[in-house]
>>> print(open('entry.tsv').read())   # TSV, C-alpha atoms
chain	number	residue	atom	x	y	z
N	1248	MET	CA	-177.80	-161.90	-211.99
N	1249	GLU	CA	-176.20	-164.93	-210.35
N	1250	GLY	CA	-174.15	-165.53	-213.48
N	1251	ASN	CA	-172.95	-161.94	-213.59
N	1252	GLN	CA	-171.71	-162.12	-210.04
N	1253	LYS	CA	-169.83	-165.33	-210.76
N	1254	VAL	CA	-168.14	-163.93	-213.84
N	1255	LEU	CA	-167.22	-160.76	-212.00
N	1256	LYS	CA	-165.74	-162.78	-209.16
N	1257	LEU	CA	-163.72	-164.89	-211.59
N	1258	ALA	CA	-162.42	-161.87	-213.49
N	1259	VAL	CA	-161.42	-159.99	-210.36
N	1260	SER	CA	-159.80	-163.08	-208.81
N	1261	VAL	CA	-157.72	-163.61	-211.95
N	1262	GLY	CA	-156.71	-159.95	-211.78
N	1263	GLU	CA	-155.86	-160.26	-208.10
N	1264	THR	CA	-153.61	-163.26	-208.74
N	1265	LEU	CA	-151.79	-161.38	-211.50
N	1266	LEU	CA	-151.34	-158.26	-209.40
N	1267	LEU	CA	-150.12	-160.20	-206.39
N	1268	SER	CA	-147.52	-162.02	-208.51
N	1269	GLY	CA	-146.07	-158.77	-209.80
N	1270	GLY	CA	-147.96	-158.34	-213.08
N	1271	GLU	CA	-148.00	-154.88	-214.67
N	1272	ILE	CA	-151.09	-152.73	-214.14
N	1273	TYR	CA	-152.07	-152.57	-217.81
N	1274	ARG	CA	-151.86	-156.36	-218.04
N	1275	VAL	CA	-154.15	-156.76	-215.02
N	1276	GLN	CA	-156.62	-154.20	-216.31
N	1277	GLU	CA	-156.70	-155.70	-219.79
N	1278	THR	CA	-157.06	-159.23	-218.48
N	1279	VAL	CA	-159.99	-158.39	-216.22
N	1280	GLU	CA	-161.74	-156.47	-218.99
N	1281	ARG	CA	-161.19	-159.21	-221.56
N	1282	ILE	CA	-162.54	-161.91	-219.27
N	1283	LEU	CA	-165.65	-159.85	-218.55
N	1284	GLU	CA	-166.10	-159.35	-222.28
N	1285	ALA	CA	-165.51	-163.02	-223.08
N	1286	TYR	CA	-168.43	-163.97	-220.86
N	1287	GLY	CA	-170.72	-161.47	-222.49
N	1288	MET	CA	-170.55	-158.44	-220.22
N	1289	GLU	CA	-170.81	-155.23	-222.17
N	1290	ASP	CA	-171.21	-152.44	-219.68
N	1291	TYR	CA	-168.40	-152.68	-217.16
N	1292	HIS	CA	-165.85	-150.49	-215.43
N	1293	VAL	CA	-162.53	-151.69	-214.10
N	1294	PHE	CA	-159.97	-149.67	-212.19
N	1295	VAL	CA	-156.67	-151.16	-211.10
N	1296	VAL	CA	-153.94	-149.59	-208.95
N	1297	SER	CA	-150.82	-151.26	-207.66
N	1298	ASN	CA	-152.57	-152.46	-204.50
N	1299	GLY	CA	-156.24	-152.75	-205.34
N	1300	ILE	CA	-158.86	-153.68	-207.93
N	1301	PHE	CA	-162.29	-152.08	-208.30
N	1302	ALA	CA	-164.83	-153.40	-210.78
N	1303	THR	CA	-168.52	-152.93	-211.49
N	1304	VAL	CA	-170.83	-154.55	-214.02
N	1305	ASP	CA	-174.00	-152.87	-215.25
N	1306	GLU	CA	-176.83	-154.20	-217.38
N	1307	GLU	CA	-179.46	-152.01	-219.03
N	1308	GLY	CA	-178.34	-149.11	-216.91
N	1309	GLU	CA	-178.74	-151.00	-213.65
N	1310	SER	CA	-175.94	-152.17	-211.44
N	1311	ARG	CA	-175.48	-155.93	-211.58
N	1312	GLY	CA	-172.62	-156.26	-209.16
N	1313	SER	CA	-169.47	-154.58	-207.99
N	1314	MET	CA	-166.33	-155.78	-206.31
N	1315	VAL	CA	-163.38	-154.24	-204.48
N	1316	ARG	CA	-160.23	-156.16	-203.63
N	1317	ASN	CA	-157.34	-154.92	-201.58
N	1318	VAL	CA	-154.15	-156.52	-202.89
N	1319	PRO	CA	-151.03	-156.00	-200.77
N	1320	LEU	CA	-147.70	-155.72	-202.60
N	1321	GLY	CA	-146.63	-159.35	-202.80
N	1322	SER	CA	-143.54	-161.26	-203.83
N	1323	VAL	CA	-142.79	-161.72	-207.51
N	1324	HIS	CA	-143.85	-165.03	-209.05
N	1325	LEU	CA	-143.20	-164.97	-212.79
N	1326	GLY	CA	-144.41	-168.52	-213.36
N	1327	ARG	CA	-147.82	-167.61	-212.04
N	1328	ILE	CA	-148.01	-164.58	-214.35
N	1329	ALA	CA	-147.28	-166.82	-217.32
N	1330	ALA	CA	-149.83	-169.43	-216.23
N	1331	VAL	CA	-152.58	-166.87	-215.62
N	1332	ASN	CA	-151.75	-165.28	-218.97
N	1333	GLN	CA	-152.25	-168.63	-220.66
N	1334	LEU	CA	-155.52	-169.12	-218.79
N	1335	SER	CA	-156.88	-165.72	-219.82
N	1336	ARG	CA	-155.98	-166.49	-223.43
N	1337	GLU	CA	-158.03	-169.66	-223.25
N	1338	ILE	CA	-160.93	-167.85	-221.62
N	1339	CYS	CA	-160.87	-165.29	-224.42
N	1340	SER	CA	-161.00	-168.02	-227.06
N	1341	HIS	CA	-164.16	-169.27	-225.27
N	1342	SER	CA	-162.73	-172.70	-224.61
N	1343	CYS	CA	-163.60	-172.84	-220.91
N	1344	THR	CA	-166.66	-172.38	-218.74
N	1345	VAL	CA	-166.69	-170.14	-215.69
N	1346	GLU	CA	-166.40	-173.11	-213.32
N	1347	GLU	CA	-163.52	-174.66	-215.27
N	1348	ALA	CA	-161.74	-171.34	-215.38
N	1349	TYR	CA	-162.12	-170.96	-211.63
N	1350	GLN	CA	-160.67	-174.41	-211.11
N	1351	ARG	CA	-157.75	-173.60	-213.40
N	1352	LEU	CA	-157.13	-170.36	-211.54
N	1353	GLN	CA	-156.82	-172.24	-208.28
N	1354	ASP	CA	-154.27	-174.55	-209.92
N	1355	CYS	CA	-152.32	-171.47	-210.98
N	1356	GLN	CA	-152.35	-170.15	-207.43
N	1357	LYS	CA	-150.97	-173.43	-206.14
N	1358	LEU	CA	-148.12	-173.50	-208.64
N	1359	PRO	CA	-145.08	-174.97	-206.86
N	1360	GLU	CA	-142.12	-172.80	-205.92
N	1361	PRO	CA	-138.53	-173.98	-205.89
N	1362	GLY	CA	-137.65	-175.32	-202.44
N	1363	MET	CA	-135.77	-173.34	-199.79
N	1364	LEU	CA	-132.56	-175.18	-200.58
N	1365	ALA	CA	-132.83	-174.50	-204.30
N	1366	LYS	CA	-133.51	-170.84	-203.66
N	1367	THR	CA	-130.60	-170.54	-201.25
N	1368	LEU	CA	-128.22	-172.18	-203.70
N	1369	ALA	CA	-129.53	-170.03	-206.53
N	1370	ALA	CA	-128.98	-166.90	-204.46
N	1371	GLY	CA	-125.43	-167.98	-203.66
N	1372	MET	CA	-124.70	-168.70	-207.30
N	1373	GLY	CA	-126.15	-165.36	-208.35
N	1374	CYS	CA	-124.10	-163.44	-205.81
N	1375	ALA	CA	-120.92	-165.23	-206.83
N	1376	ALA	CA	-121.66	-164.49	-210.49
N	1377	PHE	CA	-122.32	-160.82	-209.79
N	1378	GLY	CA	-119.20	-160.64	-207.65
N	1379	TYR	CA	-117.29	-161.90	-210.68
N	1380	ILE	CA	-119.00	-159.53	-213.13
N	1381	PHE	CA	-118.09	-156.54	-211.00
N	1382	GLY	CA	-114.44	-157.51	-211.02
N	1383	GLY	CA	-114.01	-160.05	-208.25
N	1384	GLN	CA	-111.58	-162.97	-208.36
N	1385	PHE	CA	-111.99	-166.49	-207.02
N	1386	VAL	CA	-111.81	-165.54	-203.32
N	1387	GLU	CA	-114.39	-162.77	-203.74
N	1388	CYS	CA	-116.74	-165.08	-205.61
N	1389	LEU	CA	-116.45	-167.72	-202.93
N	1390	LEU	CA	-117.20	-165.20	-200.17
N	1391	SER	CA	-120.08	-163.70	-202.16
N	1392	PHE	CA	-121.43	-167.21	-202.60
N	1393	VAL	CA	-121.45	-167.83	-198.84
N	1394	LEU	CA	-122.71	-164.37	-197.91
N	1395	GLY	CA	-125.40	-164.52	-200.60
N	1396	MET	CA	-126.69	-167.80	-199.23
N	1397	LEU	CA	-126.74	-166.44	-195.69
N	1398	LEU	CA	-128.53	-163.31	-196.87
N	1399	GLN	CA	-131.13	-165.39	-198.70
N	1400	ILE	CA	-131.75	-167.46	-195.56
N	1401	PHE	CA	-132.16	-164.22	-193.62
N	1402	LEU	CA	-134.59	-162.90	-196.25
N	1403	MET	CA	-136.70	-166.04	-196.12
N	1404	GLN	CA	-136.82	-166.04	-192.32
N	1405	ALA	CA	-137.66	-162.32	-192.26
N	1406	GLY	CA	-140.46	-163.00	-194.72
N	1407	ARG	CA	-141.82	-165.69	-192.46
N	1408	ILE	CA	-142.03	-163.44	-189.38
N	1409	LYS	CA	-143.33	-160.60	-191.61
N	1410	MET	CA	-140.55	-158.19	-190.72
N	1411	SER	CA	-140.96	-154.68	-192.17
N	1412	LYS	CA	-139.43	-154.38	-195.61
N	1413	PHE	CA	-137.32	-151.40	-194.60
N	1414	MET	CA	-135.79	-153.23	-191.67
N	1415	VAL	CA	-135.09	-156.25	-193.87
N	1416	ASN	CA	-133.15	-154.14	-196.36
N	1417	ILE	CA	-131.27	-152.13	-193.74
N	1418	LEU	CA	-130.36	-155.17	-191.62
N	1419	GLY	CA	-129.55	-157.30	-194.65
N	1420	SER	CA	-127.13	-154.87	-196.25
N	1421	ALA	CA	-125.64	-153.95	-192.85
N	1422	ALA	CA	-125.05	-157.58	-191.95
N	1423	VAL	CA	-123.32	-158.34	-195.25
N	1424	THR	CA	-121.08	-155.29	-194.89
N	1425	VAL	CA	-120.16	-156.03	-191.26
N	1426	VAL	CA	-119.30	-159.65	-192.01
N	1427	SER	CA	-117.10	-158.71	-194.95
N	1428	PHE	CA	-115.30	-156.07	-192.85
N	1429	ALA	CA	-114.89	-158.56	-190.01
N	1430	LEU	CA	-113.35	-161.12	-192.36
N	1431	SER	CA	-110.84	-158.64	-193.70
N	1432	ALA	CA	-110.09	-157.49	-190.14
N	1433	LEU	CA	-109.32	-161.12	-189.30
N	1434	GLY	CA	-106.56	-160.94	-191.85
N	1435	MET	CA	-108.17	-162.35	-194.98
N	1436	LYS	CA	-106.91	-160.65	-198.10
N	1437	PHE	CA	-109.67	-159.84	-200.57
N	1438	MET	CA	-111.41	-156.94	-202.32
N	1439	GLN	CA	-114.00	-156.20	-199.71
N	1440	ASP	CA	-116.20	-153.94	-201.88
N	1441	LYS	CA	-116.65	-156.60	-204.60
N	1442	VAL	CA	-117.93	-159.09	-202.05
N	1443	VAL	CA	-120.50	-156.66	-200.64
N	1444	ILE	CA	-121.65	-155.52	-204.09
N	1445	GLY	CA	-122.04	-159.12	-205.21
N	1446	SER	CA	-124.12	-159.99	-202.17
N	1447	ILE	CA	-126.42	-156.95	-201.97
N	1448	VAL	CA	-127.56	-157.60	-205.54
N	1449	LEU	CA	-130.23	-159.74	-203.88
N	1450	LEU	CA	-131.72	-156.62	-202.29
N	1451	VAL	CA	-131.48	-154.31	-205.29
N	1452	PRO	CA	-134.97	-153.22	-206.45
N	1453	GLY	CA	-134.66	-154.22	-210.11
N	1454	VAL	CA	-138.23	-155.45	-210.55
N	1455	LEU	CA	-139.80	-152.43	-208.85
N	1456	LEU	CA	-137.72	-150.06	-210.96
N	1457	THR	CA	-138.61	-151.75	-214.24
N	1458	THR	CA	-142.34	-152.13	-213.57
N	1459	GLY	CA	-142.56	-148.65	-212.09
N	1460	ILE	CA	-141.06	-147.05	-215.19
N	1461	ARG	CA	-143.24	-148.99	-217.57
N	1462	GLU	CA	-146.36	-148.09	-215.65
N	1463	LEU	CA	-145.44	-144.43	-215.54
N	1464	PHE	CA	-144.97	-144.36	-219.30
N	1465	ASN	CA	-148.20	-146.27	-219.84
N	1466	GLY	CA	-150.00	-143.42	-218.16
N	1467	ASP	CA	-150.63	-145.29	-214.89
N	1468	TYR	CA	-149.09	-142.45	-212.91
N	1469	LEU	CA	-150.44	-143.54	-209.56
N	1470	SER	CA	-149.19	-147.13	-209.68
N	1471	GLY	CA	-145.96	-146.08	-211.35
N	1472	SER	CA	-145.14	-143.60	-208.63
N	1473	ILE	CA	-146.02	-146.11	-205.92
N	1474	HIS	CA	-143.59	-148.63	-207.41
N	1475	LEU	CA	-140.87	-146.07	-208.07
N	1476	ALA	CA	-141.20	-144.68	-204.54
N	1477	ASP	CA	-140.87	-148.24	-203.30
N	1478	ALA	CA	-137.75	-148.75	-205.43
N	1479	LEU	CA	-136.23	-145.49	-204.20
N	1480	MET	CA	-136.95	-146.36	-200.56
N	1481	THR	CA	-135.37	-149.77	-201.02
N	1482	ALA	CA	-132.24	-148.23	-202.52
N	1483	ALA	CA	-132.10	-145.70	-199.69
N	1484	CYS	CA	-132.45	-148.49	-197.12
N	1485	ILE	CA	-129.57	-150.42	-198.70
N	1486	ALA	CA	-127.44	-147.28	-198.56
N	1487	VAL	CA	-128.40	-146.67	-194.92
N	1488	GLY	CA	-127.57	-150.27	-194.02
N	1489	VAL	CA	-124.16	-150.14	-195.71
N	1490	GLY	CA	-123.47	-146.73	-194.19
N	1491	ALA	CA	-124.44	-147.78	-190.69
N	1492	ALA	CA	-122.24	-150.85	-190.93
N	1493	VAL	CA	-119.24	-148.87	-192.18
N	1494	LYS	CA	-119.64	-146.38	-189.34
N	1495	LEU	CA	-120.03	-149.13	-186.78
N	1496	VAL	CA	-116.87	-150.85	-187.93
N	1497	GLN	CA	-115.05	-147.52	-187.92
N	1498	LEU	CA	-116.16	-146.80	-184.34
N	1499	PHE	CA	-114.92	-150.15	-183.15
N	1500	GLY	CA	-111.62	-149.54	-184.90
N	1501	GLY	CA	-111.88	-152.02	-187.73
N	1502	ALA	CA	-108.55	-152.91	-189.28
N	1503	GLY	CA	-109.82	-153.35	-192.83
N	1504	LEU	CA	-110.26	-149.62	-193.31
X	1232	MET	CA	-115.32	-161.91	-222.50
X	1233	ILE	CA	-116.61	-165.50	-222.48
X	1234	ASP	CA	-116.18	-165.73	-218.72
X	1235	GLN	CA	-118.12	-162.47	-218.27
X	1236	LEU	CA	-120.91	-163.85	-220.44
X	1237	ILE	CA	-121.15	-167.07	-218.47
X	1238	ALA	CA	-121.09	-165.17	-215.18
X	1239	SER	CA	-123.84	-162.78	-216.28
X	1240	MET	CA	-125.91	-165.71	-217.46
X	1241	LEU	CA	-125.53	-167.49	-214.12
X	1242	GLY	CA	-126.29	-164.27	-212.26
X	1243	THR	CA	-129.49	-163.76	-214.23
X	1244	LEU	CA	-130.40	-167.42	-213.83
X	1245	ALA	CA	-130.28	-166.94	-210.06
X	1246	PHE	CA	-132.99	-164.28	-210.27
X	1247	VAL	CA	-134.95	-166.37	-212.74
X	1248	ILE	CA	-135.07	-169.14	-210.13
X	1249	LEU	CA	-135.73	-166.77	-207.21
X	1250	PHE	CA	-138.68	-165.20	-209.02
X	1251	ASN	CA	-140.14	-168.60	-209.92
X	1252	ALA	CA	-140.07	-168.14	-213.68
X	1253	PRO	CA	-141.54	-171.04	-215.68
X	1254	ARG	CA	-138.92	-173.74	-216.10
X	1255	LYS	CA	-139.09	-173.77	-219.91
X	1256	GLU	CA	-138.10	-170.10	-219.99
X	1257	TYR	CA	-135.01	-170.52	-217.77
X	1258	PHE	CA	-132.60	-170.59	-220.69
X	1259	PHE	CA	-134.14	-167.72	-222.66
X	1260	SER	CA	-134.42	-165.40	-219.68
X	1261	SER	CA	-130.83	-165.93	-218.62
X	1262	ALA	CA	-129.60	-165.66	-222.18
X	1263	ASN	CA	-131.34	-162.31	-222.40
X	1264	GLY	CA	-129.55	-161.14	-219.26
X	1265	ALA	CA	-126.24	-162.20	-220.77
X	1266	LEU	CA	-127.10	-160.35	-223.99
X	1267	GLY	CA	-127.74	-157.16	-222.02
X	1268	TRP	CA	-124.41	-157.46	-220.24
X	1269	LEU	CA	-122.58	-158.27	-223.50
X	1270	ALA	CA	-124.07	-155.15	-225.08
X	1271	TYR	CA	-122.96	-153.12	-222.05
X	1272	LEU	CA	-119.41	-154.44	-222.27
X	1273	LEU	CA	-119.21	-153.79	-226.01
X	1274	PHE	CA	-120.47	-150.24	-225.57
X	1275	MET	CA	-117.91	-149.71	-222.80
X	1276	GLU	CA	-115.11	-151.06	-224.98
X	1277	TRP	CA	-116.22	-148.73	-227.71
X	1278	GLY	CA	-115.65	-145.92	-225.24
X	1279	ALA	CA	-119.27	-144.96	-224.69
X	1280	GLY	CA	-119.13	-144.28	-220.95
X	1281	VAL	CA	-121.24	-145.86	-218.24
X	1282	VAL	CA	-124.43	-143.88	-218.87
X	1283	ILE	CA	-124.65	-144.35	-222.65
X	1284	ALA	CA	-123.60	-147.99	-222.29
X	1285	SER	CA	-126.41	-148.58	-219.80
X	1286	LEU	CA	-128.85	-146.83	-222.12
X	1287	GLY	CA	-127.83	-148.84	-225.18
X	1288	ALA	CA	-127.74	-152.12	-223.32
X	1289	THR	CA	-131.19	-151.51	-221.82
X	1290	VAL	CA	-132.67	-150.73	-225.24
X	1291	ILE	CA	-131.24	-153.93	-226.69
X	1292	LEU	CA	-132.33	-155.95	-223.66
X	1293	THR	CA	-135.87	-154.56	-223.82
X	1294	ILE	CA	-136.30	-155.18	-227.52
X	1295	MET	CA	-134.92	-158.70	-227.18
X	1296	ALA	CA	-137.32	-159.32	-224.28
X	1297	ARG	CA	-140.20	-158.25	-226.50
X	1298	ILE	CA	-139.02	-160.48	-229.37
X	1299	LEU	CA	-138.72	-163.43	-226.98
X	1300	SER	CA	-142.13	-162.63	-225.53
X	1301	ALA	CA	-143.68	-162.82	-228.99
X	1302	LEU	CA	-141.80	-165.97	-229.98
X	1303	ARG	CA	-142.33	-167.84	-226.72
X	1304	ARG	CA	-145.88	-166.49	-226.22
X	1305	CYS	CA	-145.10	-165.46	-222.67
X	1306	PRO	CA	-145.49	-162.14	-220.84
X	1307	VAL	CA	-142.60	-159.77	-221.54
X	1308	THR	CA	-142.00	-159.20	-217.81
X	1309	ILE	CA	-140.45	-162.65	-217.49
X	1310	PHE	CA	-137.59	-161.77	-219.84
X	1311	LEU	CA	-137.25	-158.13	-218.86
X	1312	VAL	CA	-137.16	-157.93	-215.06
X	1313	THR	CA	-134.70	-160.79	-214.69
X	1314	GLY	CA	-132.35	-159.54	-217.38
X	1315	ILE	CA	-132.19	-156.00	-216.09
X	1316	PHE	CA	-130.37	-156.97	-212.88
X	1317	THR	CA	-126.95	-156.93	-214.50
X	1318	LEU	CA	-127.47	-153.27	-215.40
X	1319	VAL	CA	-129.16	-151.92	-212.25
X	1320	PRO	CA	-126.54	-149.85	-210.38
X	1321	GLY	CA	-126.30	-151.84	-207.14
X	1322	ALA	CA	-122.59	-151.06	-206.96
X	1323	GLY	CA	-123.36	-147.35	-207.30
X	1324	ILE	CA	-125.62	-147.46	-204.25
X	1325	TYR	CA	-122.89	-149.15	-202.25
X	1326	TYR	CA	-120.07	-146.77	-203.23
X	1327	THR	CA	-122.25	-143.69	-202.65
X	1328	ALA	CA	-123.08	-144.77	-199.11
X	1329	TYR	CA	-119.54	-145.96	-198.41
X	1330	PHE	CA	-117.79	-142.74	-199.51
X	1331	LEU	CA	-120.42	-140.63	-197.77
X	1332	LEU	CA	-119.74	-142.33	-194.45
X	1333	MET	CA	-116.00	-142.18	-195.10
X	1334	ASN	CA	-116.43	-138.42	-195.35
X	1335	ASP	CA	-115.10	-138.52	-198.89
X	1336	LEU	CA	-117.78	-136.15	-200.11
X	1337	VAL	CA	-116.27	-135.60	-203.56
X	1338	SER	CA	-116.26	-139.29	-204.45
X	1339	SER	CA	-119.63	-139.78	-202.81
X	1340	THR	CA	-121.28	-137.01	-204.81
X	1341	ALA	CA	-119.65	-138.20	-208.02
X	1342	LYS	CA	-120.82	-141.77	-207.43
X	1343	GLY	CA	-124.26	-140.65	-206.32
X	1344	ILE	CA	-124.85	-138.55	-209.42
X	1345	GLU	CA	-123.49	-141.32	-211.62
X	1346	THR	CA	-125.89	-143.78	-210.00
X	1347	PHE	CA	-128.80	-141.46	-210.69
X	1348	LYS	CA	-127.65	-140.99	-214.27
X	1349	VAL	CA	-127.42	-144.73	-214.82
X	1350	ALA	CA	-130.89	-145.20	-213.30
X	1351	GLY	CA	-132.16	-142.48	-215.65
X	1352	ALA	CA	-130.44	-144.16	-218.60
X	1353	ILE	CA	-132.17	-147.44	-217.73
X	1354	VAL	CA	-135.48	-145.58	-217.55
X	1355	LEU	CA	-134.94	-144.08	-221.00
X	1356	GLY	CA	-133.72	-147.40	-222.36
X	1357	ILE	CA	-136.89	-149.17	-221.30
X	1358	VAL	CA	-139.03	-146.33	-222.67
X	1359	PHE	CA	-137.22	-146.41	-226.05
X	1360	GLY	CA	-137.43	-150.20	-226.12
X	1361	PHE	CA	-141.19	-150.03	-225.68
X	1362	ALA	CA	-141.57	-147.26	-228.24
X	1363	VAL	CA	-141.21	-149.82	-231.03
X	1364	PRO	CA	-144.80	-150.62	-232.08
X	1365	GLN	CA	-146.22	-153.89	-230.80
X	1366	SER	CA	-147.51	-154.87	-234.26
X	1367	TRP	CA	-143.96	-155.56	-235.44
X	1368	PHE	CA	-143.53	-158.12	-232.71
X	1369	ASN	CA	-146.98	-159.62	-233.23
X	1370	ARG	CA	-145.92	-160.59	-236.73
X	1371	LEU	CA	-143.09	-162.64	-235.21
X	1372	GLY	CA	-145.52	-164.45	-232.94
X	1373	ARG	CA	-147.83	-165.33	-235.79
X	1374	LYS	CA	-145.02	-166.74	-237.86
X	1375	GLU	CA	-143.96	-168.93	-234.99
X	1376	LYS	CA	-147.52	-170.17	-234.58
X	1377	HIS	CA	-147.69	-171.32	-238.21
X	1378	VAL	CA	-144.38	-173.10	-237.90
X	1379	GLY	CA	-145.68	-174.76	-234.76
X	1380	LYS	CA	-148.73	-176.06	-236.58
>>> encode(input="entry.tsv", output="structure tokens")
Amino acid sequence: MEGNQKVLKLAVSVGETLLLSGGEIYRVQETVERILEAYGMEDYHVFVVSNGIFATVDEEGESRGSMVRNVPLGSVHLGRIAAVNQLSREICSHSCTVEEAYQRLQDCQKLPEPGMLAKTLAAGMGCAAFGYIFGGQFVECLLSFVLGMLLQIFLMQAGRIKMSKFMVNILGSAAVTVVSFALSALGMKFMQDKVVIGSIVLLVPGVLLTTGIRELFNGDYLSGSIHLADALMTAACIAVGVGAAVKLVQLFGGAGL
Amino acid sequence: MIDQLIASMLGTLAFVILFNAPRKEYFFSSANGALGWLAYLLFMEWGAGVVIASLGATVILTIMARILSALRRCPVTIFLVTGIFTLVPGAGIYYTAYFLLMNDLVSSTAKGIETFKVAGAIVLGIVFGFAVPQSWFNRLGRKEKHVGK
């Protein structure tokens, strides 16, 4: 009985970590089930949606434990997915005890992230690169680089004060657009659209779109539609932000138009 | 072409870092992003149009992500979600909103529909890419394992 509860807790915690880091639903479901099986559970039921895990374990027709976890949509952490994947592989090859596995899971959760500076620089580099891909020249890349870094700083700060995701996307895309219009109004000569497109790449819901589609076609209709709705809302927010900024600049008689 | 490749690689690398991918997969993930963009450019040069080019590039990107996943023994997400950013129509979203607010409804509608078509093409591309049976890729993984031993 005690043992069952421990195994269930381990399995669900592993699933929770995966889900929180942006793992696909089928991966979470399979992982939880395999861990339960690896520790000798035979009669179990696991149900995973994009923001929750439900699991019960039975033995000889009697309930031996159940667990519900609410998992809010978190930020993507691919390294953690890979680490947890490795861990679940080892659990399935029976090379670790429940306690060891729990310890390893906590190590996975504490996996270091790149520092703020590294992330900011990476964002700048990405924006510059995307500015170039979409047809920008040196000036556009440089501006995208700066704007991308500023946007990333804004995103990190907004994350810290837990600003609503919709506001983050609207304000972020609006700010980038206003700044680029302001710069061209000040007399700088550059392709203003390339700069904005390069910078808002940071907000584009690529991960949500990809996971949502895959879930939908795996038959996880509920989770798939949650993720796709999220992606659609994000795209709409970006459009609203850009639109609001354009209108604002127009009202104040921007010269760059 | 080379400059586009390098730029798409750097662009993908940025997302690889932002999403905390494991350090040993940095190169493979960004290379996959560059491959997707290269495929897109080649399709465009061939005269395929934005939608078909996005479709083809996504299929190639997805299959490559699955090959890498088998070879590197790493979840496929790591190679897929980072690589897809070069193809996701961020520019389309911008132009649609911009023309709409500029009251240029013709351009706005055209861009909006094109954005939706590209998004649909990416959807289909991923679906086709995952239609290839997993057992083919598993064979790759096993081979790698023997070599490793």
>>> residues_around(input="entry.tsv", residues="Met1435 of chain N", least_positions_apart="3", cutoff="12 Å", atoms="all atoms listed in the file", output="mmCIF file with C-alpha atoms, keeping the file's coordinate frame")
data_model
loop_
_atom_site.group_PDB
_atom_site.id
_atom_site.type_symbol
_atom_site.label_atom_id
_atom_site.label_comp_id
_atom_site.auth_asym_id
_atom_site.auth_seq_id
_atom_site.Cartn_x
_atom_site.Cartn_y
_atom_site.Cartn_z
ATOM 1 C CA VAL N 1386 -111.810 -165.540 -203.320
ATOM 2 C CA GLU N 1387 -114.390 -162.770 -203.740
ATOM 3 C CA LEU N 1390 -117.200 -165.200 -200.170
ATOM 4 C CA VAL N 1426 -119.300 -159.650 -192.010
ATOM 5 C CA SER N 1427 -117.100 -158.710 -194.950
ATOM 6 C CA PHE N 1428 -115.300 -156.070 -192.850
ATOM 7 C CA ALA N 1429 -114.890 -158.560 -190.010
ATOM 8 C CA LEU N 1430 -113.350 -161.120 -192.360
ATOM 9 C CA SER N 1431 -110.840 -158.640 -193.700
ATOM 10 C CA ALA N 1432 -110.090 -157.490 -190.140
ATOM 11 C CA MET N 1438 -111.410 -156.940 -202.320
ATOM 12 C CA GLN N 1439 -114.000 -156.200 -199.710
ATOM 13 C CA ALA N 1502 -108.550 -152.910 -189.280
ATOM 14 C CA GLY N 1503 -109.820 -153.350 -192.830
#
>>> residues_around(input="entry.tsv", residues="segment 1260-1273 of chain N", least_positions_apart="5", cutoff="6 Å", atoms="only C-alpha atoms", output="VMD selection string")
chain N and resid 1279 1321 1323 to 1324 1328
>>> closest_residue(input="entry.tsv", among="X:Asn1263, X:Thr1308, X:Asn1369, X:Thr1346", to="chain N", atoms="only C-alpha atoms")
X:Thr1308
>>> residues_around(input="entry.tsv", residues="Ile1283 of chain X", least_positions_apart="3", cutoff="10 Å", atoms="all atoms listed in the file", output="PyMOL selection string")
chain X and resi 1271+1274-1275+1278-1280+1286-1289+1348-1349+1352-1353+1356
>>> residues_around(input="entry.tsv", residues="Leu1475 of chain N", least_positions_apart="2", cutoff="7 Å", atoms="only C-alpha atoms", output="NGL selection string")
:N and (1455-1456 or 1459 or 1471-1473 or 1477-1479)
>>> write_last_selection(input="entry.tsv", atoms="C-alpha atoms", output="compact mmCIF listing (two decimals), keeping the file's coordinate frame")
# COMPACT_ATOMS: atom_id res chain seq x y z
CA LEU N 1455 -139.80 -152.43 -208.85
CA LEU N 1456 -137.72 -150.06 -210.96
CA GLY N 1459 -142.56 -148.65 -212.09
CA GLY N 1471 -145.96 -146.08 -211.35
CA SER N 1472 -145.14 -143.60 -208.63
CA ILE N 1473 -146.02 -146.11 -205.92
CA ASP N 1477 -140.87 -148.24 -203.30
CA ALA N 1478 -137.75 -148.75 -205.43
CA LEU N 1479 -136.23 -145.49 -204.20
>>> atom_distance(input="entry.tsv", atom1="atom CA of Arg1316 of chain N", atom2="atom CA of Gly1299 of chain N")
5.5 Å
>>> atom_distance(input="entry.tsv", atom1="atom CA of Arg1281 of chain N", atom2="atom CA of Cys1339 of chain N")
6.7 Å
>>> residues_near_point(input="entry.tsv", point="(-139.9, -164.5, -228.9)", cutoff="12 Å", atoms="only C-alpha atoms", output="ChimeraX atom specification")
/X:1256,1259-1260,1263,1293-1307,1309-1310,1367-1376
>>> closest_residue(input="entry.tsv", among="N:Leu1433, N:Phe1381, N:Pro1319, N:Val1443", to="Leu1272 of chain X", atoms="all atoms listed in the file")
N:Phe1381
>>> atom_distance(input="entry.tsv", atom1="atom CA of Val1363 of chain X", atom2="atom CA of Glu1462 of chain N")
16.3 Å
>>> residues_around(input="entry.tsv", residues="Ser1446 of chain N", least_positions_apart="3", cutoff="7 Å", atoms="all atoms listed in the file", output="ChimeraX atom specification")
/N:1374,1391,1394-1395,1442-1443,1449
>>> closest_residue(input="entry.tsv", among="N:Lys1357, N:Met1403, N:Tyr1291, N:Asp1305", to="Ser1322 of chain N", atoms="all atoms listed in the file")
N:Met1403
>>> closest_residue(input="entry.tsv", among="N:Gln1384, N:Gln1404, N:Gln1276, N:Ser1470", to="Lys1441 of chain N", atoms="only C-alpha atoms")
N:Gln1384
